[in-house]
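Novice: Just passing along the structure, written as structure tokens.
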Amino acid sequence: MRYLVRSLILLVLLYPCGAAIADEYPARPVTMIVPFSAGGPGDVIARILGSAMSATLKQSIVIENVVGAGGTLGTNRVAKAAPDGYTLLLMHVGQATAPALYAKLPFDPVGDFAMIGLVTDVPMILVARPNFPAKDLKELITQIRNAGDKITFGNVGLGSASQLCGLMFMSATDTKLTPIYYKGGGPALNDVIAGHIDVYCDPATGPTPYIQSSTIKGYAITSKKRVATLPEVPTSAEAGVPAFDVTTWYGLYAPRGTPKPVIEQLVSALQTALKDPVLISRFAELSMAPVEPERATPEALEAFLKAEIGKWGKIIKAAGIEPQ
């Protein structure tokens, strides 16, 4: 009887805790870590998203850029942070490719995080120098095959969107490109414009204005539908290569162990933000759109992340890339 009374008292004392956490959160500004440099696509997305979510949370969201080790430095910072909802991570497809690229990853991309939801899928665009002779994707592939491995391809490094896009393109078309490595997307794009490299693949946020001005050639966009800002650029499927399917998707995470009431508040704030007309408009200017509400959930993000880990693991292994 004594143990029963103690158990009942304990339940009464503990029951309000979850509600109290939800009622009090957030009591101070929230930090959203972006494991990339300021001004890049991930940083821009984080600032748009953070502004929209802060309106619901009634607290500011501070963006912190933690750069290094292909995004794993900032990601690890969140994995090791206090699970209180005050440290979040906005990470792209690199969350799925890291297990295949790094031999001693300091975190588990799935197990060390509490999922919040997917945010957006940013399509990739395959572009070439302005004087490249191919008039469409079919001709581009033919010329690459005829040239052997002499066609150069801009690459921003291990795990970068440009590298992944290049691997997917070569896998889908059975071609070989020679990578030229850069420290950032800006220099790579500048060298395409200047004609120093032949081909480059980048999230749509970068090349769009240069394609619009005919400064570079756009051959295919990897979304399932054409984007409004580039109506003349066909999708990869329309151009005859449906297997060339790659997006730089972004997901929102918290450290493992973050209380469920806090996660529920963050999910609600995310879903409200993705319906915000200002966010939708600003995303559209960057040739992207927020995900559907059913994808902006912990369950959807976890399932998608696991599928992407399997998908990219096979592609990276097939490319002969050894984990570092």
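Scheme for the structure tokens: letters A, B, ... for chains in order shown; per-chain residue numbers from 1; ligand numbers from 1 in order shown.
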Taking 2 positions as the minimum chain separation for residues in the same chain, which residues sit within 12 Å of Arg77 in chain A when counting only C-alpha atoms? Answer as a PDB file with C-alpha atoms, in the first residue's frame.
Specialist:
```
ATOM      1  CA  THR A  31      19.905  29.491 -31.653  1.00  0.00           C
ATOM      2  CA  MET A  32      19.674  27.885 -35.089  1.00  0.00           C
ATOM      3  CA  ILE A  33      23.048  26.531 -36.173  1.00  0.00           C
ATOM      4  CA  VAL A  34      23.868  26.501 -39.875  1.00  0.00           C
ATOM      5  CA  PRO A  35      27.041  24.486 -40.617  1.00  0.00           C
ATOM      6  CA  GLU A  64      24.936  30.973 -35.914  1.00  0.00           C
ATOM      7  CA  ASN A  65      27.266  29.841 -38.696  1.00  0.00           C
ATOM      8  CA  VAL A  66      29.563  27.034 -37.517  1.00  0.00           C
ATOM      9  CA  VAL A  67      31.733  26.215 -40.528  1.00  0.00           C
ATOM     10  CA  GLY A  68      34.144  23.330 -41.007  1.00  0.00           C
ATOM     11  CA  GLY A  71      29.259  20.645 -42.227  1.00  0.00           C
ATOM     12  CA  THR A  72      29.976  18.004 -39.587  1.00  0.00           C
ATOM     13  CA  LEU A  73      31.468  20.506 -37.127  1.00  0.00           C
ATOM     14  CA  GLY A  74      28.247  22.469 -36.712  1.00  0.00           C
ATOM     15  CA  THR A  75      26.135  19.332 -36.840  1.00  0.00           C
ATOM     16  CA  ALA A  79      24.269  16.686 -31.375  1.00  0.00           C
ATOM     17  CA  LYS A  80      26.196  17.463 -28.173  1.00  0.00           C
ATOM     18  CA  ALA A  81      24.081  20.460 -27.105  1.00  0.00           C
ATOM     19  CA  ALA A  82      21.686  20.488 -24.149  1.00  0.00           C
ATOM     20  CA  PRO A  83      18.360  18.906 -25.213  1.00  0.00           C
ATOM     21  CA  THR A  87      19.820  24.834 -30.000  1.00  0.00           C
ATOM     22  CA  LEU A  88      18.526  23.749 -33.400  1.00  0.00           C
ATOM     23  CA  LEU A  89      20.192  22.559 -36.593  1.00  0.00           C
ATOM     24  CA  PRO A 106      31.389  11.904 -34.224  1.00  0.00           C
ATOM     25  CA  PHE A 107      27.600  11.631 -34.227  1.00  0.00           C
ATOM     26  CA  ASP A 112      21.592  11.648 -31.995  1.00  0.00           C
ATOM     27  CA  PHE A 113      18.823  13.987 -33.116  1.00  0.00           C
ATOM     28  CA  TYR A 253      16.640  19.075 -36.001  1.00  0.00           C
ATOM     29  CA  ALA A 254      17.094  19.351 -32.238  1.00  0.00           C
ATOM     30  CA  PRO A 255      19.373  17.290 -29.963  1.00  0.00           C
TER      31      PRO A 255
END
```
Novice: Could you pull out the residues in range 108-145 of chain A that DSSP calls strand (DSSP E or B) from the backbone, as a PyMOL selection string?
Specialist: chain A and resi 113-128
Novice: Interatomic distance between CA of Thr205 in chain A and CA of Leu286 in chain A?
Specialist: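 Those two atoms sit 4.8 Å apart.
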Novice: Could you name the residues that touch range 114-131 of chain A at 8 Å or less, counting only C-alpha atoms, but leaving out those on the same chain fewer than 6 positions away, as number ranges by chain?
Specialist: A: 165, 192-205, 207, 214-223, 246-258, 263, 266-267, 270, 274, 287-291, 295-302
Novice: Please identify the helix (DSSP H, G or I) residues within range 101-292 of chain A (assignment by DSSP from backbone atoms) and present them as a ChimeraX atom specification.
Specialist: /A:101,137-146,161-173,185-194,208-212,260-273,277-285
Novice: Could you work out how far CA of Ala96 in chain A lies from CA of Phe304 in chain A, giving the answer in Å with one decimal?
Specialist: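 Taking CA of Phe304 in chain A as the start and CA of Ala96 in chain A as the end point, the length is 9.4 Å.
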Novice: Please indicate the distance in Å from CA of Val93 in chain A to CA of Gly166 in chain A, rounded to one decimal place.
Specialist: 14.3 Å
Novice: Out of A:Ala38, A:Ala269, A:Leu167, A:Val110, which residue has the shortest atom-to-atom distance to Lys58 in chain A when counting only C-alpha atoms?
Specialist: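 Using only C-alpha atoms, the shortest distance to Lys58 in chain A belongs to A:Ala269.
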Novice: With only C-alpha atoms as the atoms that count, which of A:Ala319, A:Glu292, A:Leu137, A:Gly94 lies nearest to Ile280 in chain A?
Specialist: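 Closest candidate: A:Glu292.
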